[in-house]
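A short write-up of the structure that comes next.
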Amino acid sequence: MTTITPTTPAPVLQLEHVSRRRASRPAVQDLSLALPRGQVLGLLGVNGAGKSTTLSMIAGALRPDSGGIKLNGEDFLERPELARTRIGWLPERAPLWPELTVTEHLDAHGRLRGLRGVALHQARTNIIERLELQPLARRLAGVLSQGQRQRLGLACALLHKPALLVLDEPANALDPVQVAALRKLVREQAAAGTTVILSTHLLGEVTAVCDRVAILHEGMLRHDGVVRSDDLDALEKTFFEIAMKHTPAQAA
Amino acid sequence: MSALTVSRLEWRRLLVRPLAWVLAALTLAWLAWNFTLLLGSFLASQIQRAAAPDGPGFTDLVAVPLLGQLAQLAFLVVPLLTMSVIAGDRRNGTLPLLFAAGVPASRIVLGKYLAILGWLLLWLLLTLAMPLTLAHATHLDWGKLAAATLGVTLMLAALAALGVACSSFASHPAIAAAAALILALALWSVNLGAQMAGIHGGAINALAMSTHVQPLLRGLVSSADVLWFVLLIALSLALATRRLATDKERG
């Protein structure tokens with residue numbers, strides 16, 4: 001008789017003892033995390049805590065000095081091309097080519113992420129509609145406002161329907177209406193099975209959209225736990241405890 | 001595949017940048033003006049040349065000098081064209097986007113290089129079209145013209161590779177342009193002192209670009225000259241790749 005053992009799917013993202021030095025100091029130290037499908041992780045930390053370095057490594061733009069990163073169980077460091085189709089990344093202050101239009105940006109990103117022909121056209125049309133970019137479609141990226149740039153960056157990150165969405169302070173420069181739309185979008189993505197990592201300075205952002213929160217401080221993971229929408233006070237308390245406890249000189 | 005994607009992206013950026021159009025318009029207008037001058041001079045001396053049927057013809061007096069003028073312009077045009085290919089990406093913060101898309105540094109460099117090379121070849125073709133429009137009415141020395149075209153093509157390819165390398169090392173496009181211009185001029189005239197001292201051989205002459213272009217412009221194709229350009233291109237692109245890979249490592 002054959003017994004079938006249910007297998008647990010590999011986490012979408014798994015960080016194993018990841019460390020990275022930048023500017024001759026440890027930016028991220030011994031960071032381990034595992035994220036299942038459809039989870040939204042809020043990444044918190046004061047400036048210089050190592051959030052952007054962590055996200056750059058996850059997005060494939062930066063290689064860790066040590067440790068491992070796995071995407072759906074596959075070694076991402078051995079196969080950096082996995083980032084191409086599986087990860088969408090919005091870096092802090094969406095980097096754009098100023099001489100290209102919004103549509104050309106989406107085409108360029110789509111091609112870089114492996115989309116071609118009809119699939120690219122369809123993906124572009126969908127994302128323009130979803131993020132209400134129609135009025136900006138033919139405008140040059142160089143003349144967009146900061147909020148519009150951020151929306152375009154988000155569109156580029158979402159274009160190829162990645163399994164893992166990495167957002168570095170996506171609410172920067174967005175107005176309250178756009179922030180609300182962003183939150184809705186993130187929740188929709190999670191409901192559709194996309195795993196999302198959202199780095200932010202706004203604790204309210206985390207309680208509003210995240211299922212889980214990780215707090216980094218001086219490159220180390222100091223807190224990792226679930227978060228609920230009514231948990232803002234508790235989260236604030238935890239965050240400030242960590243920030244004060246580990247940086248007495250700054251707190252004084 | 002990804003090198004072609006990068007190349008397509010860079011080509012698109014080139015086409016929408018006013019600098020590329022302005023450079024093309026101004027230089028082609030200048031070359032067209034010089035073509036008419038060379039042609040006028042050629043026509044004026046036709047009677048004298050009729051006495052010496054084996055003397056220089058249309059190719060020597062019009063087509064090759066025109067290519068020579070394009071080669072001179074290239075010292076200014078190529079650095080301006082290549083200055084922002086990588087330095088611009090670095091300033092825009094768009095290089096990490098290419099890294100994150102899993103494009104290796106070598107393909108980023110190759111893609112950008114191919115786009116610039118495409119523009120330069122188009123520029124060369126448009127210049128060549130001027131003497132070629134008269135091919136039916138005059139006697140063209142096709143072999144000599146092919147050799148001169150090969151020489152200018154190799155020179156453009158080498159200057160482009162040098163420009164891409166400078167752009168990969170510079171933090172600002174203007175610095176990249178200045179560095180590419182100075183390096184190109186230095187490479188062209190590194191043997192000037194030796195020439196003035198009457199030394200026509202040795203390593204210093206072998207190092208100079210002029211030593212390898214001039215025989216090709218005279219119609220003499222040598223594998224050593226071609227190899228010199230191939231090595232310069234390979235070295236420049238390897239340095240640019242190395243620099244980009246370091247950028248990715250450093251973050």
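Ordering of the structure tokens sets the chain letters (A, B, ...), residue numbers begin anew at 1 in every chain, and ligands are numbered from 1 in the order given.
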
Tell me, which residues of stretch 8-83 of chain A carry DSSP strand (DSSP E), written as a ChimeraX atom specification? /A:13-22,25-35,40-44,66-71,74-75

Those selected residues, please, written with C-alpha atoms and delivered as a compact mmCIF listing (two decimals), in the first residue's frame.
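Result file follows (part_15.txt):
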# COMPACT_ATOMS: atom_id res chain seq x y z
CA LEU A 13 11.16 33.32 -0.15
CA GLN A 14 13.65 31.97 2.32
CA LEU A 15 16.59 33.91 3.70
CA GLU A 16 19.16 31.78 5.51
CA HIS A 17 21.71 33.58 7.70
CA VAL A 18 22.17 36.37 5.18
CA SER A 19 24.86 38.94 5.93
CA ARG A 20 26.16 41.87 3.94
CA ARG A 21 28.67 44.62 4.66
CA ARG A 22 28.38 48.07 3.10
CA ARG A 25 30.30 48.15 8.27
CA PRO A 26 27.80 45.33 8.64
CA ALA A 27 24.56 46.47 7.00
CA VAL A 28 22.73 43.16 7.46
CA GLN A 29 23.78 40.46 9.90
CA ASP A 30 22.70 36.84 10.03
CA LEU A 31 19.18 37.51 8.77
CA SER A 32 16.86 34.52 8.43
CA LEU A 33 13.25 34.74 7.27
CA ALA A 34 10.76 32.54 5.45
CA LEU A 35 7.70 33.90 3.69
CA VAL A 40 2.42 40.55 3.35
CA LEU A 41 5.48 41.28 5.46
CA GLY A 42 6.07 44.78 6.78
CA LEU A 43 9.75 45.56 7.17
CA LEU A 44 10.39 48.26 9.73
CA SER A 66 27.30 35.11 3.14
CA GLY A 67 24.15 33.11 3.66
CA GLY A 68 21.58 31.84 1.19
CA ILE A 69 18.42 33.06 -0.49
CA LYS A 70 15.89 30.63 -1.95
CA LEU A 71 12.92 31.34 -4.18
CA GLU A 74 15.55 27.14 -5.60
CA ASP A 75 18.89 28.71 -4.80

Any idea which chain B residues end up within 7 Å of chain A if we count only C-alpha atoms, as a compact mmCIF listing (two decimals) with N, CA and C atoms, in the first residue's frame please?
# COMPACT_ATOMS: atom_id res chain seq x y z
N SER B 2 19.21 38.77 -23.53
CA SER B 2 19.13 39.97 -22.70
C SER B 2 20.02 41.10 -23.23
N THR B 5 17.92 42.86 -25.59
CA THR B 5 16.90 43.64 -24.89
C THR B 5 17.52 44.95 -24.40
N LEU B 9 16.66 48.78 -25.67
CA LEU B 9 16.34 49.84 -24.71
C LEU B 9 17.27 51.04 -24.93
N ARG B 13 16.51 54.88 -26.26
CA ARG B 13 16.93 56.07 -25.51
C ARG B 13 17.75 57.01 -26.39
N VAL B 16 15.45 59.00 -28.84
CA VAL B 16 14.61 60.08 -28.31
C VAL B 16 15.45 61.20 -27.66
N ARG B 17 16.75 60.99 -27.60
CA ARG B 17 17.62 62.00 -27.00
C ARG B 17 17.98 63.03 -28.07
N ASN B 92 20.87 57.99 -12.76
CA ASN B 92 19.42 57.79 -12.65
C ASN B 92 19.05 56.73 -11.63
N GLY B 93 20.03 55.92 -11.23
CA GLY B 93 19.75 54.81 -10.32
C GLY B 93 19.11 53.63 -11.03
N THR B 94 19.24 53.58 -12.36
CA THR B 94 18.58 52.52 -13.12
C THR B 94 19.45 51.27 -13.34
N PRO B 96 20.72 49.24 -11.02
CA PRO B 96 20.23 48.10 -10.22
C PRO B 96 19.00 47.43 -10.82
N PHE B 99 20.40 44.92 -13.09
CA PHE B 99 20.98 43.81 -12.31
C PHE B 99 19.86 42.92 -11.77
N ALA B 100 18.80 43.60 -11.25
CA ALA B 100 17.70 42.84 -10.63
C ALA B 100 16.92 42.04 -11.66
N ALA B 101 17.01 42.43 -12.93
CA ALA B 101 16.33 41.65 -13.97
C ALA B 101 17.18 40.46 -14.40
N GLY B 102 18.27 40.23 -13.67
CA GLY B 102 19.11 39.06 -13.94
C GLY B 102 19.99 39.22 -15.16
N LYS B 248 27.94 46.05 -8.94
CA LYS B 248 26.90 45.16 -8.41
C LYS B 248 27.34 44.57 -7.08
N GLU B 249 28.60 44.22 -6.98
CA GLU B 249 29.11 43.66 -5.73
C GLU B 249 29.03 44.66 -4.60
N GLY B 251 27.13 47.40 -4.50
CA GLY B 251 25.75 47.83 -4.23
C GLY B 251 25.59 49.31 -4.29

Among listed residues B:Ala63, B:Leu231, B:Ala179, B:Val190, nearest B:Asp141 (using only C-alpha atoms):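 Closest to B:Asp141 of all the choices is B:Ala63.
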
As a ChimeraX atom specification, please: the residues near stretch 209-212 of chain A (cut-off 8 Å, only C-alpha atoms, same-chain neighbours under 6 positions excluded). /A:39-42,183,186-187,224-229

Write a file of the just-selected residues containing C-alpha atoms, as a PDB file, in the first residue's frame.
ATOM      1  CA  GLN A  39       1.788  36.814   2.959  1.00  0.00           C
ATOM      2  CA  VAL A  40       2.418  40.546   3.353  1.00  0.00           C
ATOM      3  CA  LEU A  41       5.476  41.281   5.458  1.00  0.00           C
ATOM      4  CA  GLY A  42       6.069  44.780   6.784  1.00  0.00           C
ATOM      5  CA  ARG A 183      -3.047  49.596   0.319  1.00  0.00           C
ATOM      6  CA  VAL A 186      -1.265  45.314  -1.961  1.00  0.00           C
ATOM      7  CA  ARG A 187      -4.129  43.439  -0.339  1.00  0.00           C
ATOM      8  CA  ASP A 224       9.344  38.978  13.851  1.00  0.00           C
ATOM      9  CA  GLY A 225       5.679  38.416  14.525  1.00  0.00           C
ATOM     10  CA  VAL A 226       2.118  38.625  13.286  1.00  0.00           C
ATOM     11  CA  VAL A 227       0.407  41.992  13.186  1.00  0.00           C
ATOM     12  CA  ARG A 228      -3.279  42.914  13.329  1.00  0.00           C
ATOM     13  CA  SER A 229      -5.003  46.050  12.153  1.00  0.00           C
TER      14      SER A 229
END

Between atom CA of A:Arg151 and atom CA of A:Arg138, what is the spacing in Å?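 About the pair atom CA of A:Arg138 and atom CA of A:Arg151: they are 14.6 Å apart.
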
Smallest atom-to-atom distance to B:Leu154: which of B:Ala194, B:Leu114, B:Leu73, B:Leu216, using only C-alpha atoms? B:Leu216

Secondary structure check, alpha helix (DSSP H) residues of stretch 1-224 of chain B, as an mmCIF file with C-alpha atoms, in the first residue's frame:
data_model
loop_
_atom_site.group_PDB
_atom_site.id
_atom_site.type_symbol
_atom_site.label_atom_id
_atom_site.label_comp_id
_atom_site.auth_asym_id
_atom_site.auth_seq_id
_atom_site.Cartn_x
_atom_site.Cartn_y
_atom_site.Cartn_z
ATOM 1 C CA SER B 2 19.130 39.966 -22.704
ATOM 2 C CA ALA B 3 21.974 41.776 -24.502
ATOM 3 C CA LEU B 4 19.557 42.452 -27.354
ATOM 4 C CA THR B 5 16.903 43.643 -24.890
ATOM 5 C CA VAL B 6 19.396 46.059 -23.348
ATOM 6 C CA SER B 7 20.501 47.085 -26.822
ATOM 7 C CA ARG B 8 16.926 47.796 -27.858
ATOM 8 C CA LEU B 9 16.337 49.844 -24.715
ATOM 9 C CA GLU B 10 19.543 51.822 -25.255
ATOM 10 C CA TRP B 11 18.740 52.334 -28.950
ATOM 11 C CA ARG B 12 15.321 53.708 -28.010
ATOM 12 C CA ARG B 13 16.932 56.074 -25.512
ATOM 13 C CA LEU B 14 19.393 57.213 -28.172
ATOM 14 C CA LEU B 15 16.617 57.910 -30.660
ATOM 15 C CA VAL B 16 14.610 60.085 -28.306
ATOM 16 C CA PRO B 18 18.014 65.317 -28.854
ATOM 17 C CA LEU B 19 21.801 65.058 -28.597
ATOM 18 C CA ALA B 20 21.967 62.119 -31.016
ATOM 19 C CA TRP B 21 19.818 63.927 -33.595
ATOM 20 C CA VAL B 22 21.686 67.207 -33.231
ATOM 21 C CA LEU B 23 25.028 65.451 -33.604
ATOM 22 C CA ALA B 24 23.795 63.534 -36.651
ATOM 23 C CA ALA B 25 22.351 66.652 -38.303
ATOM 24 C CA LEU B 26 25.352 68.885 -37.669
ATOM 25 C CA THR B 27 28.017 66.363 -38.604
ATOM 26 C CA LEU B 28 26.210 65.148 -41.725
ATOM 27 C CA ALA B 29 25.668 68.735 -42.846
ATOM 28 C CA TRP B 30 29.376 69.412 -42.289
ATOM 29 C CA LEU B 31 30.358 66.258 -44.181
ATOM 30 C CA ALA B 32 27.969 67.073 -47.026
ATOM 31 C CA TRP B 33 29.502 70.540 -47.322
ATOM 32 C CA ASN B 34 32.978 69.042 -47.382
ATOM 33 C CA PHE B 35 31.865 66.478 -49.933
ATOM 34 C CA THR B 36 30.801 69.258 -52.303
ATOM 35 C CA LEU B 37 34.135 71.014 -51.751
ATOM 36 C CA LEU B 38 36.112 67.827 -52.410
ATOM 37 C CA LEU B 39 33.985 67.095 -55.444
ATOM 38 C CA GLY B 40 34.433 70.637 -56.766
ATOM 39 C CA SER B 41 38.182 70.366 -56.366
ATOM 40 C CA PHE B 42 38.149 66.931 -58.060
ATOM 41 C CA LEU B 43 36.179 68.252 -61.033
ATOM 42 C CA ALA B 44 38.404 71.320 -61.336
ATOM 43 C CA GLN B 46 40.079 66.724 -64.148
ATOM 44 C CA ILE B 47 42.071 68.094 -67.103
ATOM 45 C CA GLN B 48 45.386 67.858 -65.225
ATOM 46 C CA ARG B 49 44.570 64.307 -64.146
ATOM 47 C CA ALA B 50 43.694 63.285 -67.684
ATOM 48 C CA PHE B 58 37.627 59.830 -57.303
ATOM 49 C CA VAL B 64 38.593 58.398 -48.746
ATOM 50 C CA PRO B 65 39.240 62.021 -47.634
ATOM 51 C CA LEU B 66 35.545 62.238 -46.736
ATOM 52 C CA LEU B 67 35.889 59.118 -44.592
ATOM 53 C CA GLY B 68 38.993 60.671 -43.065
ATOM 54 C CA GLN B 69 36.941 63.705 -42.070
ATOM 55 C CA LEU B 70 34.316 61.459 -40.512
ATOM 56 C CA ALA B 71 37.095 59.765 -38.542
ATOM 57 C CA GLN B 72 38.239 63.178 -37.267
ATOM 58 C CA LEU B 73 34.683 64.094 -36.241
ATOM 59 C CA ALA B 74 34.372 60.764 -34.460
ATOM 60 C CA PHE B 75 36.852 61.944 -31.816
ATOM 61 C CA LEU B 76 34.209 64.434 -30.660
ATOM 62 C CA VAL B 77 30.997 62.647 -31.611
ATOM 63 C CA VAL B 78 31.688 59.249 -30.035
ATOM 64 C CA PRO B 79 32.510 60.537 -26.514
ATOM 65 C CA LEU B 80 29.354 62.702 -26.590
ATOM 66 C CA LEU B 81 27.296 59.744 -27.657
ATOM 67 C CA THR B 82 28.732 57.252 -25.185
ATOM 68 C CA ALA B 87 27.249 56.937 -16.229
ATOM 69 C CA GLY B 88 23.711 58.179 -16.972
ATOM 70 C CA ASP B 89 22.213 54.943 -15.684
ATOM 71 C CA ARG B 90 24.335 55.245 -12.589
ATOM 72 C CA ARG B 91 23.042 58.785 -11.973
ATOM 73 C CA ASN B 92 19.416 57.790 -12.652
ATOM 74 C CA LEU B 95 21.581 50.180 -13.152
ATOM 75 C CA PRO B 96 20.230 48.105 -10.216
ATOM 76 C CA LEU B 97 17.036 47.576 -12.229
ATOM 77 C CA LEU B 98 19.084 45.846 -14.916
ATOM 78 C CA PHE B 99 20.975 43.810 -12.312
ATOM 79 C CA ALA B 100 17.705 42.845 -10.634
ATOM 80 C CA ALA B 105 27.215 42.855 -16.412
ATOM 81 C CA SER B 106 28.770 41.534 -19.631
ATOM 82 C CA ARG B 107 25.410 41.624 -21.425
ATOM 83 C CA ILE B 108 24.586 45.080 -20.133
ATOM 84 C CA VAL B 109 27.884 46.349 -21.542
ATOM 85 C CA LEU B 110 27.501 44.434 -24.791
ATOM 86 C CA GLY B 111 23.907 45.587 -25.271
ATOM 87 C CA LYS B 112 24.769 49.221 -24.741
ATOM 88 C CA TYR B 113 27.839 48.926 -26.946
ATOM 89 C CA LEU B 114 25.833 47.388 -29.799
ATOM 90 C CA ALA B 115 23.281 50.203 -29.657
ATOM 91 C CA ILE B 116 26.002 52.854 -29.927
ATOM 92 C CA LEU B 117 27.722 50.877 -32.666
ATOM 93 C CA GLY B 118 24.425 50.700 -34.567
ATOM 94 C CA TRP B 119 24.091 54.471 -34.480
ATOM 95 C CA LEU B 120 27.701 54.947 -35.594
ATOM 96 C CA LEU B 121 27.333 52.484 -38.468
ATOM 97 C CA LEU B 122 24.231 54.311 -39.632
ATOM 98 C CA TRP B 123 26.205 57.558 -39.476
ATOM 99 C CA LEU B 124 28.975 55.958 -41.525
ATOM 100 C CA LEU B 125 26.483 54.577 -44.065
ATOM 101 C CA LEU B 126 24.881 57.975 -44.558
ATOM 102 C CA THR B 127 28.321 59.483 -45.107
ATOM 103 C CA LEU B 128 29.279 56.724 -47.531
ATOM 104 C CA ALA B 129 26.042 57.311 -49.433
ATOM 105 C CA MET B 130 27.432 60.673 -50.602
ATOM 106 C CA PRO B 131 30.289 59.329 -52.774
ATOM 107 C CA LEU B 132 28.271 56.224 -53.655
ATOM 108 C CA TRP B 142 35.956 49.421 -54.712
ATOM 109 C CA GLY B 143 38.839 47.602 -53.021
ATOM 110 C CA LYS B 144 40.388 50.789 -51.713
ATOM 111 C CA LEU B 145 36.996 52.117 -50.606
ATOM 112 C CA ALA B 146 36.220 48.845 -48.812
ATOM 113 C CA ALA B 147 39.565 48.945 -47.006
ATOM 114 C CA ALA B 148 39.049 52.570 -45.959
ATOM 115 C CA THR B 149 35.499 51.774 -44.813
ATOM 116 C CA LEU B 150 36.832 48.847 -42.800
ATOM 117 C CA GLY B 151 39.436 51.131 -41.227
ATOM 118 C CA VAL B 152 36.872 53.773 -40.249
ATOM 119 C CA THR B 153 34.443 51.105 -39.005
ATOM 120 C CA LEU B 154 37.132 49.589 -36.792
ATOM 121 C CA MET B 155 38.101 53.019 -35.549
ATOM 122 C CA LEU B 156 34.480 53.886 -34.702
ATOM 123 C CA ALA B 157 34.052 50.532 -32.970
ATOM 124 C CA ALA B 158 37.230 51.082 -30.933
ATOM 125 C CA LEU B 159 36.290 54.635 -29.965
ATOM 126 C CA ALA B 160 32.819 53.438 -28.966
ATOM 127 C CA ALA B 161 34.286 50.695 -26.780
ATOM 128 C CA LEU B 162 36.648 53.224 -25.199
ATOM 129 C CA GLY B 163 33.709 55.577 -24.597
ATOM 130 C CA VAL B 164 31.594 52.841 -23.006
ATOM 131 C CA ALA B 165 34.527 51.925 -20.741
ATOM 132 C CA CYS B 166 34.983 55.570 -19.692
ATOM 133 C CA SER B 167 31.242 55.849 -19.048
ATOM 134 C CA SER B 168 31.362 52.767 -16.854
ATOM 135 C CA PHE B 169 34.084 54.268 -14.681
ATOM 136 C CA PRO B 173 28.552 61.786 -18.072
ATOM 137 C CA ALA B 174 30.623 64.937 -18.672
ATOM 138 C CA ILE B 175 33.622 63.335 -16.966
ATOM 139 C CA ALA B 176 33.125 60.249 -19.121
ATOM 140 C CA ALA B 177 33.081 62.364 -22.294
ATOM 141 C CA ALA B 178 36.219 64.278 -21.314
ATOM 142 C CA ALA B 179 38.057 61.089 -20.365
ATOM 143 C CA ALA B 180 37.056 59.346 -23.604
ATOM 144 C CA LEU B 181 38.162 62.330 -25.693
ATOM 145 C CA ILE B 182 41.525 62.629 -23.954
ATOM 146 C CA LEU B 183 42.196 58.891 -24.079
ATOM 147 C CA ALA B 184 41.253 58.711 -27.759
ATOM 148 C CA LEU B 185 43.499 61.649 -28.650
ATOM 149 C CA ALA B 186 46.327 60.225 -26.562
ATOM 150 C CA LEU B 187 45.947 56.852 -28.236
ATOM 151 C CA TRP B 188 45.955 58.491 -31.650
ATOM 152 C CA SER B 189 49.046 60.594 -31.087
ATOM 153 C CA LEU B 192 53.960 61.811 -32.158
ATOM 154 C CA GLY B 193 57.280 62.327 -30.378
ATOM 155 C CA ALA B 194 58.743 59.216 -31.933
ATOM 156 C CA GLN B 195 57.567 60.309 -35.388
ATOM 157 C CA MET B 196 59.140 63.733 -34.935
ATOM 158 C CA GLY B 202 58.944 49.994 -32.304
ATOM 159 C CA ALA B 203 56.370 49.534 -29.567
ATOM 160 C CA ILE B 204 55.385 53.198 -29.307
ATOM 161 C CA ASN B 205 54.316 53.281 -32.945
ATOM 162 C CA ALA B 206 52.539 49.953 -32.614
ATOM 163 C CA LEU B 207 50.566 51.431 -29.713
ATOM 164 C CA MET B 209 45.855 54.206 -33.369
ATOM 165 C CA SER B 210 47.064 56.324 -36.290
ATOM 166 C CA THR B 211 49.617 53.632 -37.184
ATOM 167 C CA HIS B 212 46.773 51.157 -37.711
ATOM 168 C CA VAL B 213 44.194 53.401 -39.377
ATOM 169 C CA GLN B 214 46.352 55.089 -41.990
ATOM 170 C CA PRO B 215 47.340 51.917 -43.905
ATOM 171 C CA LEU B 216 43.657 50.948 -44.093
ATOM 172 C CA LEU B 217 42.755 54.395 -45.427
ATOM 173 C CA SER B 223 45.525 41.321 -40.057
ATOM 174 C CA ALA B 224 47.862 42.920 -37.492
#

In Å to one decimal, how far is atom CA of B:Ser222 from atom CA of B:His136?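 Computing it gives 29.3 Å between the two atoms.
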
So how far away is atom CA of A:Leu120 from atom CA of A:Val179, in Å?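 Answer for the atom CA of A:Val179 to atom CA of A:Leu120 separation: 27.2 Å.
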
Near-A:Lys161 list (12 Å; only C-alpha atoms; drop same-chain fewer than 2 positions) as a ChimeraX atom specification: /A:84-89,110,113-115,119-120,122-124,126-127,154-159,163-165,189-190,192-196

Writer output for current selection, N, CA and C atoms, as a JSON list (two decimals), in the first residue's frame:
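Saved file out.json follows:
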[["chain", "number", "residue", "atom", "x", "y", "z"],
["A", 84, "ARG", "N", 14.29, 37.42, -12.65],
["A", 84, "ARG", "CA", 13.74, 38.02, -13.88],
["A", 84, "ARG", "C", 12.22, 37.89, -13.95],
["A", 85, "THR", "N", 11.74, 36.69, -13.71],
["A", 85, "THR", "CA", 10.30, 36.48, -13.87],
["A", 85, "THR", "C", 9.55, 36.43, -12.56],
["A", 86, "ARG", "N", 10.26, 36.14, -11.47],
["A", 86, "ARG", "CA", 9.53, 35.86, -10.23],
["A", 86, "ARG", "C", 9.46, 37.03, -9.26],
["A", 87, "ILE", "N", 10.31, 38.04, -9.49],
["A", 87, "ILE", "CA", 10.34, 39.14, -8.52],
["A", 87, "ILE", "C", 9.99, 40.46, -9.19],
["A", 88, "GLY", "N", 9.18, 41.23, -8.52],
["A", 88, "GLY", "CA", 8.92, 42.61, -8.94],
["A", 88, "GLY", "C", 9.46, 43.52, -7.86],
["A", 89, "TRP", "N", 10.19, 44.53, -8.26],
["A", 89, "TRP", "CA", 10.90, 45.36, -7.27],
["A", 89, "TRP", "C", 10.64, 46.83, -7.54],
["A", 110, "GLY", "N", 8.96, 45.14, -19.27],
["A", 110, "GLY", "CA", 8.35, 43.87, -19.68],
["A", 110, "GLY", "C", 9.35, 42.99, -20.42],
["A", 113, "ARG", "N", 11.90, 41.56, -18.25],
["A", 113, "ARG", "CA", 11.34, 40.49, -17.41],
["A", 113, "ARG", "C", 10.81, 39.33, -18.24],
["A", 114, "GLY", "N", 11.14, 39.32, -19.52],
["A", 114, "GLY", "CA", 10.84, 38.15, -20.34],
["A", 114, "GLY", "C", 9.51, 38.17, -21.08],
["A", 115, "LEU", "N", 8.78, 39.29, -21.02],
["A", 115, "LEU", "CA", 7.51, 39.35, -21.76],
["A", 115, "LEU", "C", 7.77, 39.77, -23.20],
["A", 119, "ALA", "N", 1.67, 39.01, -25.13],
["A", 119, "ALA", "CA", 1.70, 38.94, -23.66],
["A", 119, "ALA", "C", 2.14, 40.28, -23.07],
["A", 120, "LEU", "N", 3.14, 40.89, -23.71],
["A", 120, "LEU", "CA", 3.63, 42.18, -23.24],
["A", 120, "LEU", "C", 2.55, 43.25, -23.42],
["A", 122, "GLN", "N", -0.66, 42.89, -23.62],
["A", 122, "GLN", "CA", -1.77, 42.63, -22.71],
["A", 122, "GLN", "C", -1.41, 43.08, -21.29],
["A", 123, "ALA", "N", -0.21, 42.71, -20.86],
["A", 123, "ALA", "CA", 0.23, 43.06, -19.50],
["A", 123, "ALA", "C", 0.30, 44.58, -19.35],
["A", 124, "ARG", "N", 0.80, 45.24, -20.38],
["A", 124, "ARG", "CA", 0.92, 46.71, -20.34],
["A", 124, "ARG", "C", -0.45, 47.36, -20.25],
["A", 126, "ASN", "N", -3.23, 46.07, -19.16],
["A", 126, "ASN", "CA", -3.85, 45.77, -17.86],
["A", 126, "ASN", "C", -3.31, 46.67, -16.75],
["A", 127, "ILE", "N", -1.99, 46.82, -16.74],
["A", 127, "ILE", "CA", -1.40, 47.56, -15.62],
["A", 127, "ILE", "C", -1.68, 49.07, -15.75],
["A", 154, "LEU", "N", 5.73, 51.38, -9.55],
["A", 154, "LEU", "CA", 4.88, 50.28, -9.06],
["A", 154, "LEU", "C", 4.34, 49.47, -10.24],
["A", 155, "ALA", "N", 3.94, 50.18, -11.29],
["A", 155, "ALA", "CA", 3.42, 49.49, -12.48],
["A", 155, "ALA", "C", 4.50, 48.59, -13.08],
["A", 156, "CYS", "N", 5.73, 49.10, -13.13],
["A", 156, "CYS", "CA", 6.84, 48.31, -13.68],
["A", 156, "CYS", "C", 7.08, 47.06, -12.83],
["A", 157, "ALA", "N", 6.95, 47.23, -11.51],
["A", 157, "ALA", "CA", 7.19, 46.09, -10.60],
["A", 157, "ALA", "C", 6.10, 45.02, -10.74],
["A", 158, "LEU", "N", 4.89, 45.45, -11.06],
["A", 158, "LEU", "CA", 3.75, 44.52, -11.10],
["A", 158, "LEU", "C", 3.50, 43.93, -12.49],
["A", 159, "LEU", "N", 4.11, 44.54, -13.49],
["A", 159, "LEU", "CA", 3.79, 44.24, -14.90],
["A", 159, "LEU", "C", 3.79, 42.74, -15.24],
["A", 163, "ALA", "N", 5.79, 36.54, -8.44],
["A", 163, "ALA", "CA", 5.34, 35.76, -7.28],
["A", 163, "ALA", "C", 5.72, 36.47, -5.99],
["A", 164, "LEU", "N", 6.76, 37.31, -6.09],
["A", 164, "LEU", "CA", 7.22, 38.05, -4.92],
["A", 164, "LEU", "C", 7.35, 39.53, -5.29],
["A", 165, "LEU", "N", 6.68, 40.35, -4.53],
["A", 165, "LEU", "CA", 6.70, 41.79, -4.80],
["A", 165, "LEU", "C", 7.47, 42.48, -3.68],
["A", 189, "GLN", "N", -3.13, 41.96, -4.30],
["A", 189, "GLN", "CA", -2.02, 41.12, -4.75],
["A", 189, "GLN", "C", -1.85, 39.92, -3.82],
["A", 190, "ALA", "N", -1.92, 40.19, -2.52],
["A", 190, "ALA", "CA", -1.76, 39.12, -1.54],
["A", 190, "ALA", "C", -2.89, 38.09, -1.69],
["A", 192, "ALA", "N", -4.40, 37.37, -4.29],
["A", 192, "ALA", "CA", -4.17, 36.60, -5.53],
["A", 192, "ALA", "C", -2.99, 35.65, -5.41],
["A", 193, "GLY", "N", -2.34, 35.65, -4.23],
["A", 193, "GLY", "CA", -1.26, 34.70, -4.00],
["A", 193, "GLY", "C", 0.14, 35.28, -4.09],
["A", 194, "THR", "N", 0.26, 36.58, -4.34],
["A", 194, "THR", "CA", 1.59, 37.20, -4.41],
["A", 194, "THR", "C", 2.09, 37.46, -3.00],
["A", 195, "THR", "N", 3.32, 37.12, -2.77],
["A", 195, "THR", "CA", 3.94, 37.42, -1.49],
["A", 195, "THR", "C", 4.51, 38.84, -1.59],
["A", 196, "VAL", "N", 4.27, 39.64, -0.56],
["A", 196, "VAL", "CA", 4.69, 41.04, -0.64],
["A", 196, "VAL", "C", 5.59, 41.38, 0.55]]

When distances are computed from only C-alpha atoms, which of B:Ala208, B:Met83, B:Leu237, B:Ala170 shows the smallest separation from B:Asp225?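 For B:Asp225, the nearest of the given residues is B:Ala208.
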
A:Asp175, A:Asp231, A:Glu218, A:Glu236: which is nearest A:Gly48, counting only C-alpha atoms? A:Glu218

B:Gly57, B:Asn191, B:His172, B:Pro104 ranked by distance to B:His139, top pick (using only C-alpha atoms):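 Going through B:Gly57, B:Asn191, B:His172, B:Pro104 one by one, the smallest distance to B:His139 is for B:Gly57.
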